[in-house]
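Colleague: Just run.txt, nothing more (compact mmCIF, C-alpha atoms):
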# COMPACT_ATOMS: atom_id res chain seq x y z
CA MET A 104 -23.73 8.58 -50.85
CA LYS A 105 -23.47 12.00 -49.23
CA THR A 106 -22.73 11.92 -45.49
CA ALA A 107 -24.49 14.18 -42.99
CA GLY A 108 -22.82 17.49 -42.23
CA TRP A 109 -21.13 18.19 -38.91
CA GLY A 110 -23.95 20.43 -37.79
CA PHE A 111 -26.42 17.53 -37.94
CA TRP A 112 -24.27 15.33 -35.71
CA VAL A 113 -23.81 18.11 -33.13
CA VAL A 114 -27.60 18.32 -32.76
CA VAL A 115 -27.94 14.53 -32.48
CA LEU A 116 -25.23 14.23 -29.84
CA ALA A 117 -26.78 17.03 -27.81
CA LEU A 118 -30.10 15.18 -27.76
CA VAL A 119 -28.78 11.75 -26.72
CA ALA A 120 -25.89 12.63 -24.46
CA PRO A 121 -26.04 11.05 -20.97
CA VAL A 122 -25.40 12.96 -17.75
CA PRO A 123 -21.69 13.84 -17.83
CA GLY A 124 -19.32 13.29 -14.95
CA CYS A 125 -18.66 16.01 -12.43
CA SER A 126 -15.48 17.71 -11.30
CA ASP A 127 -14.61 18.65 -7.74
CA ASP A 128 -15.79 22.24 -8.29
CA ASP A 129 -19.25 21.07 -9.44
CA ASN A 130 -22.04 23.31 -8.16
CA GLY A 131 -24.85 20.85 -8.89
CA THR A 132 -27.23 19.02 -6.58
CA PRO A 133 -25.49 17.81 -3.40
CA ASP A 134 -24.48 14.18 -3.30
CA VAL A 135 -26.33 11.61 -1.23
CA VAL A 136 -23.61 11.95 1.41
CA GLU A 137 -23.50 15.08 3.51
CA ASP A 138 -20.41 17.29 3.38
CA GLN A 139 -18.12 15.87 6.01
CA VAL A 140 -14.47 15.00 6.50
CA ASP A 141 -13.45 11.42 6.99
CA THR A 142 -12.29 10.32 10.43
CA PRO A 143 -9.25 8.04 10.52
CA VAL A 144 -9.74 4.60 12.04
CA ASP A 145 -6.61 3.41 13.82
CA THR A 146 -7.61 -0.24 13.67
CA VAL A 147 -7.94 -0.31 9.87
CA PRO A 148 -4.95 -1.99 8.18
CA GLU A 149 -3.00 0.46 6.07
CA VAL A 150 -2.89 -0.24 2.36
CA GLU A 151 -0.01 1.21 0.40
CA GLU A 152 -0.52 1.88 -3.30
CA ASP A 153 2.34 -0.51 -4.07
CA ASP A 154 0.36 -3.30 -2.37
CA ALA A 155 -2.16 -3.25 -5.23
CA ALA A 156 -1.80 -5.96 -7.84
CA ARG A 157 0.48 -5.12 -10.74
CA PRO A 158 0.47 -6.52 -14.29
CA ASP A 159 1.57 -10.17 -14.45
CA GLU A 160 1.67 -10.39 -10.64
CA PRO A 161 -1.71 -11.73 -9.46
CA ILE A 162 -2.34 -11.81 -5.74
CA GLY A 163 -4.95 -13.71 -3.78
CA PRO A 164 -6.41 -17.12 -4.59
CA GLY A 165 -4.40 -19.13 -7.09
CA ASP A 166 -7.43 -19.60 -9.32
CA TYR A 167 -7.77 -15.86 -10.08
CA PRO A 168 -7.19 -15.42 -13.82
CA PRO A 169 -3.48 -14.80 -14.49
CA GLY A 170 -2.00 -11.88 -16.42
CA PRO A 171 -1.11 -10.13 -18.52
CA TYR A 172 -3.37 -7.40 -17.14
CA GLY A 173 -4.28 -4.00 -18.50
CA ILE A 174 -6.38 -0.88 -17.97
CA ALA A 175 -8.40 -0.69 -21.19
CA VAL A 176 -11.52 -2.34 -22.56
CA GLY A 177 -10.64 -5.86 -23.69
CA ASP A 178 -7.84 -6.21 -21.12
CA ARG A 179 -7.95 -8.53 -18.12
CA LEU A 180 -8.49 -6.66 -14.84
CA GLU A 181 -5.91 -7.28 -12.16
CA ASN A 182 -6.83 -8.36 -8.65
CA LEU A 183 -7.25 -4.92 -7.08
CA ARG A 184 -7.21 -4.63 -3.29
CA PHE A 185 -9.24 -2.32 -1.06
CA ILE A 186 -10.55 -2.01 2.52
CA ASP A 187 -14.27 -2.68 3.04
CA ILE A 188 -16.57 -0.65 5.28
CA ASP A 189 -15.99 -3.07 8.18
CA GLY A 190 -12.24 -2.41 8.04
CA ALA A 191 -11.36 -5.77 6.49
CA ALA A 192 -9.14 -6.43 3.49
CA PHE A 193 -11.15 -6.87 0.30
CA GLU A 194 -9.99 -7.85 -3.18
CA LEU A 195 -11.59 -8.56 -6.52
CA ALA A 196 -10.72 -12.23 -6.02
CA ASP A 197 -13.43 -12.30 -3.32
CA ILE A 198 -16.06 -11.48 -5.92
CA PHE A 199 -14.47 -13.75 -8.53
CA ALA A 200 -14.75 -16.65 -6.06
CA ASP A 201 -18.54 -16.20 -5.87
CA THR A 202 -19.76 -18.32 -8.76
CA SER A 203 -23.37 -17.22 -8.25
CA VAL A 204 -22.53 -13.97 -10.10
CA LYS A 205 -21.10 -13.54 -13.60
CA LEU A 206 -21.03 -9.78 -14.28
CA LEU A 207 -19.31 -7.18 -12.09
CA TRP A 208 -20.25 -3.48 -12.13
CA ILE A 209 -17.55 -1.36 -10.49
CA TYR A 210 -18.86 2.08 -9.51
CA ALA A 211 -16.22 4.69 -8.60
CA THR A 212 -17.71 7.59 -6.64
CA ALA A 213 -16.73 10.55 -4.48
CA GLY A 214 -18.49 12.69 -1.91
CA TRP A 215 -18.04 15.92 -3.90
CA CYS A 216 -19.63 14.49 -7.05
CA SER A 217 -23.22 15.67 -7.53
CA VAL A 218 -23.84 13.36 -10.52
CA CYS A 219 -22.86 10.47 -8.28
CA GLY A 220 -25.77 11.35 -6.01
CA ILE A 221 -28.16 10.62 -8.87
CA GLU A 222 -26.49 7.32 -9.71
CA SER A 223 -26.18 6.27 -6.07
CA ALA A 224 -29.93 6.72 -5.63
CA ALA A 225 -30.63 4.46 -8.64
CA LEU A 226 -28.16 1.64 -8.00
CA PRO A 227 -29.96 -0.15 -5.13
CA GLY A 228 -32.99 -0.71 -7.35
CA LEU A 229 -30.87 -1.91 -10.26
CA TRP A 230 -28.96 -4.28 -7.99
CA SER A 231 -32.22 -5.73 -6.60
CA THR A 232 -33.44 -6.33 -10.15
CA TYR A 233 -30.31 -7.82 -11.68
CA ASN A 234 -28.44 -9.49 -8.81
CA PRO A 235 -30.68 -12.59 -9.01
CA GLN A 236 -29.67 -12.81 -12.68
CA GLY A 237 -25.95 -12.74 -11.88
CA LEU A 238 -24.95 -9.07 -11.43
CA GLN A 239 -22.75 -7.89 -8.57
CA ILE A 240 -22.06 -4.22 -7.91
CA LEU A 241 -18.95 -2.96 -6.12
CA ALA A 242 -19.09 0.67 -4.96
CA VAL A 243 -15.64 2.22 -4.57
CA VAL A 244 -15.51 5.51 -2.64
CA PHE A 245 -12.20 7.29 -3.28
CA GLU A 246 -12.67 10.83 -1.90
CA ASP A 247 -14.91 12.52 0.66
CA ALA A 248 -16.96 15.68 0.19
CA GLY A 249 -13.90 17.86 0.81
CA GLY A 250 -11.77 16.12 -1.81
CA ASN A 251 -9.74 14.23 0.81
CA PRO A 252 -8.88 10.53 0.39
CA ALA A 253 -11.87 8.50 1.61
CA GLY A 254 -11.22 6.16 4.51
CA VAL A 255 -13.41 3.47 6.01
CA THR A 256 -15.53 5.79 8.15
CA TYR A 257 -16.56 7.93 5.20
CA ALA A 258 -17.16 4.96 2.89
CA ARG A 259 -19.37 3.35 5.54
CA SER A 260 -21.38 6.57 5.94
CA TYR A 261 -21.73 6.88 2.18
CA ALA A 262 -23.03 3.32 1.83
CA THR A 263 -25.45 3.72 4.72
CA ARG A 264 -26.94 6.97 3.46
CA ALA A 265 -27.26 5.62 -0.09
CA GLY A 266 -28.86 2.37 1.10
CA PHE A 267 -26.26 0.12 -0.55
CA ASP A 268 -26.77 -3.59 0.15
CA PHE A 269 -23.94 -4.55 -2.20
CA PRO A 270 -20.22 -4.43 -1.32
CA THR A 271 -18.73 -0.98 -0.70
CA VAL A 272 -15.04 -0.26 -0.18
CA ALA A 273 -12.73 2.67 0.51
CA ASP A 274 -10.07 3.45 -2.10
CA GLU A 275 -7.86 5.79 -0.07
CA PRO A 276 -4.77 5.33 -2.31
CA PHE A 277 -7.01 5.80 -5.39
CA VAL A 278 -6.07 2.53 -7.07
CA LEU A 279 -8.85 3.09 -9.63
CA GLY A 280 -7.16 6.30 -10.72
CA ARG A 281 -5.26 4.23 -13.29
CA TYR A 282 -8.51 3.57 -15.14
CA PHE A 283 -10.11 7.03 -15.48
CA ASP A 284 -9.75 10.78 -14.95
CA LYS A 285 -11.45 11.67 -11.66
CA ALA A 286 -12.77 14.90 -13.21
CA ALA A 287 -15.16 12.62 -15.15
CA THR A 288 -16.49 10.89 -12.02
CA PRO A 289 -18.51 8.70 -11.73
CA MET A 290 -16.73 5.86 -13.49
CA ASN A 291 -18.68 2.69 -14.30
CA MET A 292 -16.77 -0.42 -15.34
CA LEU A 293 -18.40 -3.69 -16.42
CA VAL A 294 -16.30 -6.85 -16.03
CA ASP A 295 -16.91 -10.42 -17.19
CA LEU A 296 -16.37 -12.54 -14.07
CA THR A 297 -15.63 -15.60 -16.19
CA ASP A 298 -12.13 -14.32 -17.00
CA MET A 299 -12.10 -10.76 -15.52
CA GLU A 300 -12.15 -9.10 -18.96
CA ILE A 301 -13.01 -5.39 -18.92
CA LEU A 302 -16.12 -5.09 -21.10
CA GLU A 303 -16.90 -1.38 -20.78
CA ILE A 304 -15.62 1.74 -19.03
CA THR A 305 -18.16 4.56 -18.97
CA MET A 306 -17.68 8.05 -17.53
CA GLY A 307 -20.67 9.90 -16.13
CA TRP A 308 -24.12 8.47 -15.53
CA ASP A 309 -25.91 6.97 -18.54
CA PRO A 310 -28.72 4.92 -16.95
CA THR A 311 -30.30 3.68 -20.16
CA GLY A 312 -27.01 2.75 -21.80
CA LEU A 313 -25.65 0.99 -18.73
CA GLU A 314 -28.84 -0.94 -18.04
CA ASN A 315 -28.98 -2.05 -21.69
CA SER A 316 -25.37 -3.25 -21.41
CA VAL A 317 -26.10 -5.13 -18.19
CA GLU A 318 -29.04 -6.91 -19.80
CA LEU A 319 -26.96 -7.74 -22.88
CA TYR A 320 -24.05 -9.22 -20.93
CA LEU A 321 -26.24 -11.12 -18.48
CA GLY A 322 -27.91 -12.70 -21.49
CA THR A 323 -24.65 -13.70 -23.20
CA ILE A 324 -22.24 -14.62 -20.37
CA ALA A 325 -22.63 -18.24 -19.29
CA ASP A 326 -23.62 -19.01 -15.70
CA ARG A 327 -20.67 -19.91 -13.47
CA GLY A 328 -22.48 -21.77 -10.71
As structure tokens, what does this structure read like?
Modeller:
Amino acid sequence: MKTAGWGFWVVVLALVAPVPGCSDDDNGTPDVVEDQVDTPVDTVPEVEEDDAARPDEPIGPGDYPPGPYGIAVGDRLENLRFIDIDGAAFELADIFADTSVKLLWIYATAGWCSVCGIESAALPGLWSTYNPQGLQILAVVFEDAGGNPAGVTYARSYATRAGFDFPTVADEPFVLGRYFDKAATPMNMLVDLTDMEILEITMGWDPTGLENSVELYLGTIADRG
């Protein structure tokens, strides 16, 4: 059987392609967060990059799934550590311990990313719809509007302006940088909370594709409660 020529597939891909990620010189629509520089908070505990969990070295509660860990789809996600918008230590084990949820959506965003503004506006509604079915969203803010590492003050402002009711953290050391190229921001990662397996890693904002994936996984992953 004759296969379609390359010209046909170029046209198809152009029609179905989702909104791509944005780079830090993106001139698109401003993000939901105003252009501002983060203000250091002296009372926030400092987190060194080396403090983050490493393969085969889980940290936190002893019942967090053990390694080996990895950074690709199909690998087990290590127990990453952040600082939340109240200045407290936060780790993936905190979400894993909540047996009322079974699917984790990690959303990596930055203040300079215009595409992120579109996704940030949509996420509260998606969370309200799917959280009762077992979805938890974790927003991870890694840089401010000027491209500087995002601290607690900026992450809090971002969450407030976007209307996030789900957990939001600052990723000042850019721990998530091991999982994607920041030029393709936003990054969306879906994780099975049963065993912390990475199910999908998507760059850019593909609302239809991501919502379809969420519905699929919520329908197939067993309840944990």
Colleague: What is the distance, in Å and to one decimal place, between CA of Asn182 in chain A and CA of Ser203 in chain A?
Modeller: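 Straight-line distance from CA of Asn182 in chain A to CA of Ser203 in chain A works out to 18.8 Å.
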Colleague: Which residue out of A:Pro276, A:Pro168, A:Gly190, A:Gly328 has the minimum interatomic distance to Ala253 in chain A when all atoms listed in the file are used?
Modeller: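 Of all the options, A:Pro276 lies closest to Ala253 in chain A.
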Colleague: Which is closest to Ala286 in chain A among A:Pro169, A:Pro270, A:Pro310, A:Gly250, if we use only C-alpha atoms?
Modeller: A:Gly250
Colleague: Considering only C-alpha atoms, can you say which of A:Tyr320, A:Phe199, A:Phe245, A:Tyr282 comes closest to Ala211 in chain A?
Modeller: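 Smallest separation from Ala211 in chain A among the options: A:Phe245.
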Colleague: Give me, please, the distance in Å between CA of Thr288 in chain A and CA of Pro252 in chain A, quoted to one decimal.
Modeller: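 Interatomic distance, CA of Thr288 in chain A to CA of Pro252 in chain A: 14.6 Å.
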Colleague: With distances taken over all atoms listed in the file, which residue among A:Leu206, A:Ile188, A:Ile324, A:Ile304 lies nearest Tyr257 in chain A?
Modeller: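 Residue with the minimum atom-to-atom distance to Tyr257 in chain A: A:Ile188.
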Colleague: Kindly add N, CA and C atoms to the incomplete range 174-207 of chain A and provide the output as a PDB file, keeping the file's coordinate frame.
Modeller:
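out.pdb, freshly written:
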ATOM      1  N   ILE A 174      -5.466  -1.895 -18.509  1.00  0.00           N
ATOM      2  CA  ILE A 174      -6.380  -0.880 -17.970  1.00  0.00           C
ATOM      3  C   ILE A 174      -7.424  -0.436 -18.974  1.00  0.00           C
ATOM      4  N   ALA A 175      -7.483  -1.105 -20.129  1.00  0.00           N
ATOM      5  CA  ALA A 175      -8.400  -0.690 -21.190  1.00  0.00           C
ATOM      6  C   ALA A 175      -9.442  -1.768 -21.461  1.00  0.00           C
ATOM      7  N   VAL A 176     -10.497  -1.381 -22.160  1.00  0.00           N
ATOM      8  CA  VAL A 176     -11.520  -2.340 -22.560  1.00  0.00           C
ATOM      9  C   VAL A 176     -10.872  -3.459 -23.370  1.00  0.00           C
ATOM     10  N   GLY A 177     -11.220  -4.699 -23.035  1.00  0.00           N
ATOM     11  CA  GLY A 177     -10.640  -5.860 -23.690  1.00  0.00           C
ATOM     12  C   GLY A 177      -9.486  -6.462 -22.918  1.00  0.00           C
ATOM     13  N   ASP A 178      -8.925  -5.701 -21.959  1.00  0.00           N
ATOM     14  CA  ASP A 178      -7.840  -6.210 -21.120  1.00  0.00           C
ATOM     15  C   ASP A 178      -8.411  -7.008 -19.946  1.00  0.00           C
ATOM     16  N   ARG A 179      -7.563  -7.818 -19.332  1.00  0.00           N
ATOM     17  CA  ARG A 179      -7.950  -8.530 -18.120  1.00  0.00           C
ATOM     18  C   ARG A 179      -7.656  -7.636 -16.912  1.00  0.00           C
ATOM     19  N   LEU A 180      -8.610  -7.539 -16.012  1.00  0.00           N
ATOM     20  CA  LEU A 180      -8.490  -6.660 -14.840  1.00  0.00           C
ATOM     21  C   LEU A 180      -7.713  -7.369 -13.734  1.00  0.00           C
ATOM     22  N   GLU A 181      -6.709  -6.694 -13.231  1.00  0.00           N
ATOM     23  CA  GLU A 181      -5.910  -7.280 -12.160  1.00  0.00           C
ATOM     24  C   GLU A 181      -6.693  -7.367 -10.857  1.00  0.00           C
ATOM     25  N   ASN A 182      -6.163  -8.110  -9.920  1.00  0.00           N
ATOM     26  CA  ASN A 182      -6.830  -8.360  -8.650  1.00  0.00           C
ATOM     27  C   ASN A 182      -6.616  -7.188  -7.692  1.00  0.00           C
ATOM     28  N   LEU A 183      -7.406  -6.140  -7.876  1.00  0.00           N
ATOM     29  CA  LEU A 183      -7.250  -4.920  -7.080  1.00  0.00           C
ATOM     30  C   LEU A 183      -7.640  -5.168  -5.632  1.00  0.00           C
ATOM     31  N   ARG A 184      -6.989  -4.460  -4.731  1.00  0.00           N
ATOM     32  CA  ARG A 184      -7.210  -4.630  -3.290  1.00  0.00           C
ATOM     33  C   ARG A 184      -7.696  -3.324  -2.671  1.00  0.00           C
ATOM     34  N   PHE A 185      -8.647  -3.463  -1.738  1.00  0.00           N
ATOM     35  CA  PHE A 185      -9.240  -2.320  -1.060  1.00  0.00           C
ATOM     36  C   PHE A 185      -9.426  -2.670   0.419  1.00  0.00           C
ATOM     37  N   ILE A 186     -10.099  -1.761   1.145  1.00  0.00           N
ATOM     38  CA  ILE A 186     -10.550  -2.010   2.520  1.00  0.00           C
ATOM     39  C   ILE A 186     -12.063  -1.830   2.528  1.00  0.00           C
ATOM     40  N   ASP A 187     -12.806  -2.810   3.048  1.00  0.00           N
ATOM     41  CA  ASP A 187     -14.270  -2.680   3.040  1.00  0.00           C
ATOM     42  C   ASP A 187     -14.743  -1.830   4.210  1.00  0.00           C
ATOM     43  N   ILE A 188     -16.043  -1.591   4.282  1.00  0.00           N
ATOM     44  CA  ILE A 188     -16.570  -0.650   5.280  1.00  0.00           C
ATOM     45  C   ILE A 188     -16.570  -1.216   6.692  1.00  0.00           C
ATOM     46  N   ASP A 189     -16.179  -2.481   6.848  1.00  0.00           N
ATOM     47  CA  ASP A 189     -15.990  -3.070   8.180  1.00  0.00           C
ATOM     48  C   ASP A 189     -14.525  -3.061   8.581  1.00  0.00           C
ATOM     49  N   GLY A 190     -13.663  -2.497   7.726  1.00  0.00           N
ATOM     50  CA  GLY A 190     -12.240  -2.410   8.040  1.00  0.00           C
ATOM     51  C   GLY A 190     -11.452  -3.645   7.656  1.00  0.00           C
ATOM     52  N   ALA A 191     -12.045  -4.540   6.886  1.00  0.00           N
ATOM     53  CA  ALA A 191     -11.360  -5.770   6.490  1.00  0.00           C
ATOM     54  C   ALA A 191     -10.782  -5.648   5.085  1.00  0.00           C
ATOM     55  N   ALA A 192      -9.726  -6.400   4.826  1.00  0.00           N
ATOM     56  CA  ALA A 192      -9.140  -6.430   3.490  1.00  0.00           C
ATOM     57  C   ALA A 192     -10.156  -7.012   2.510  1.00  0.00           C
ATOM     58  N   PHE A 193     -10.206  -6.426   1.322  1.00  0.00           N
ATOM     59  CA  PHE A 193     -11.150  -6.870   0.300  1.00  0.00           C
ATOM     60  C   PHE A 193     -10.439  -6.805  -1.039  1.00  0.00           C
ATOM     61  N   GLU A 194     -10.606  -7.837  -1.859  1.00  0.00           N
ATOM     62  CA  GLU A 194      -9.990  -7.850  -3.180  1.00  0.00           C
ATOM     63  C   GLU A 194     -10.962  -8.403  -4.201  1.00  0.00           C
ATOM     64  N   LEU A 195     -10.691  -8.115  -5.459  1.00  0.00           N
ATOM     65  CA  LEU A 195     -11.590  -8.560  -6.520  1.00  0.00           C
ATOM     66  C   LEU A 195     -11.694 -10.084  -6.551  1.00  0.00           C
ATOM     67  N   ALA A 196     -10.672 -10.767  -6.077  1.00  0.00           N
ATOM     68  CA  ALA A 196     -10.720 -12.230  -6.020  1.00  0.00           C
ATOM     69  C   ALA A 196     -11.875 -12.720  -5.150  1.00  0.00           C
ATOM     70  N   ASP A 197     -12.293 -11.910  -4.168  1.00  0.00           N
ATOM     71  CA  ASP A 197     -13.430 -12.300  -3.320  1.00  0.00           C
ATOM     72  C   ASP A 197     -14.704 -12.376  -4.135  1.00  0.00           C
ATOM     73  N   ILE A 198     -14.886 -11.455  -5.065  1.00  0.00           N
ATOM     74  CA  ILE A 198     -16.060 -11.480  -5.920  1.00  0.00           C
ATOM     75  C   ILE A 198     -15.922 -12.565  -6.986  1.00  0.00           C
ATOM     76  N   PHE A 199     -14.721 -12.707  -7.526  1.00  0.00           N
ATOM     77  CA  PHE A 199     -14.470 -13.750  -8.530  1.00  0.00           C
ATOM     78  C   PHE A 199     -14.785 -15.136  -7.969  1.00  0.00           C
ATOM     79  N   ALA A 200     -14.527 -15.339  -6.680  1.00  0.00           N
ATOM     80  CA  ALA A 200     -14.750 -16.650  -6.060  1.00  0.00           C
ATOM     81  C   ALA A 200     -16.227 -16.985  -5.894  1.00  0.00           C
ATOM     82  N   ASP A 201     -17.100 -15.979  -5.996  1.00  0.00           N
ATOM     83  CA  ASP A 201     -18.540 -16.200  -5.870  1.00  0.00           C
ATOM     84  C   ASP A 201     -19.114 -16.579  -7.227  1.00  0.00           C
ATOM     85  N   THR A 202     -19.309 -17.854  -7.439  1.00  0.00           N
ATOM     86  CA  THR A 202     -19.760 -18.320  -8.760  1.00  0.00           C
ATOM     87  C   THR A 202     -21.254 -18.109  -8.995  1.00  0.00           C
ATOM     88  N   SER A 203     -21.957 -17.519  -8.040  1.00  0.00           N
ATOM     89  CA  SER A 203     -23.370 -17.220  -8.250  1.00  0.00           C
ATOM     90  C   SER A 203     -23.549 -15.946  -9.094  1.00  0.00           C
ATOM     91  N   VAL A 204     -22.463 -15.184  -9.286  1.00  0.00           N
ATOM     92  CA  VAL A 204     -22.530 -13.970 -10.100  1.00  0.00           C
ATOM     93  C   VAL A 204     -21.578 -14.105 -11.291  1.00  0.00           C
ATOM     94  N   LYS A 205     -21.902 -13.408 -12.388  1.00  0.00           N
ATOM     95  CA  LYS A 205     -21.100 -13.540 -13.600  1.00  0.00           C
ATOM     96  C   LYS A 205     -20.730 -12.207 -14.236  1.00  0.00           C
ATOM     97  N   LEU A 206     -21.335 -11.120 -13.761  1.00  0.00           N
ATOM     98  CA  LEU A 206     -21.030  -9.780 -14.280  1.00  0.00           C
ATOM     99  C   LEU A 206     -20.790  -8.842 -13.110  1.00  0.00           C
ATOM    100  N   LEU A 207     -19.669  -8.121 -13.151  1.00  0.00           N
ATOM    101  CA  LEU A 207     -19.310  -7.180 -12.090  1.00  0.00           C
ATOM    102  C   LEU A 207     -19.428  -5.758 -12.614  1.00  0.00           C
TER     103      LEU A 207
END
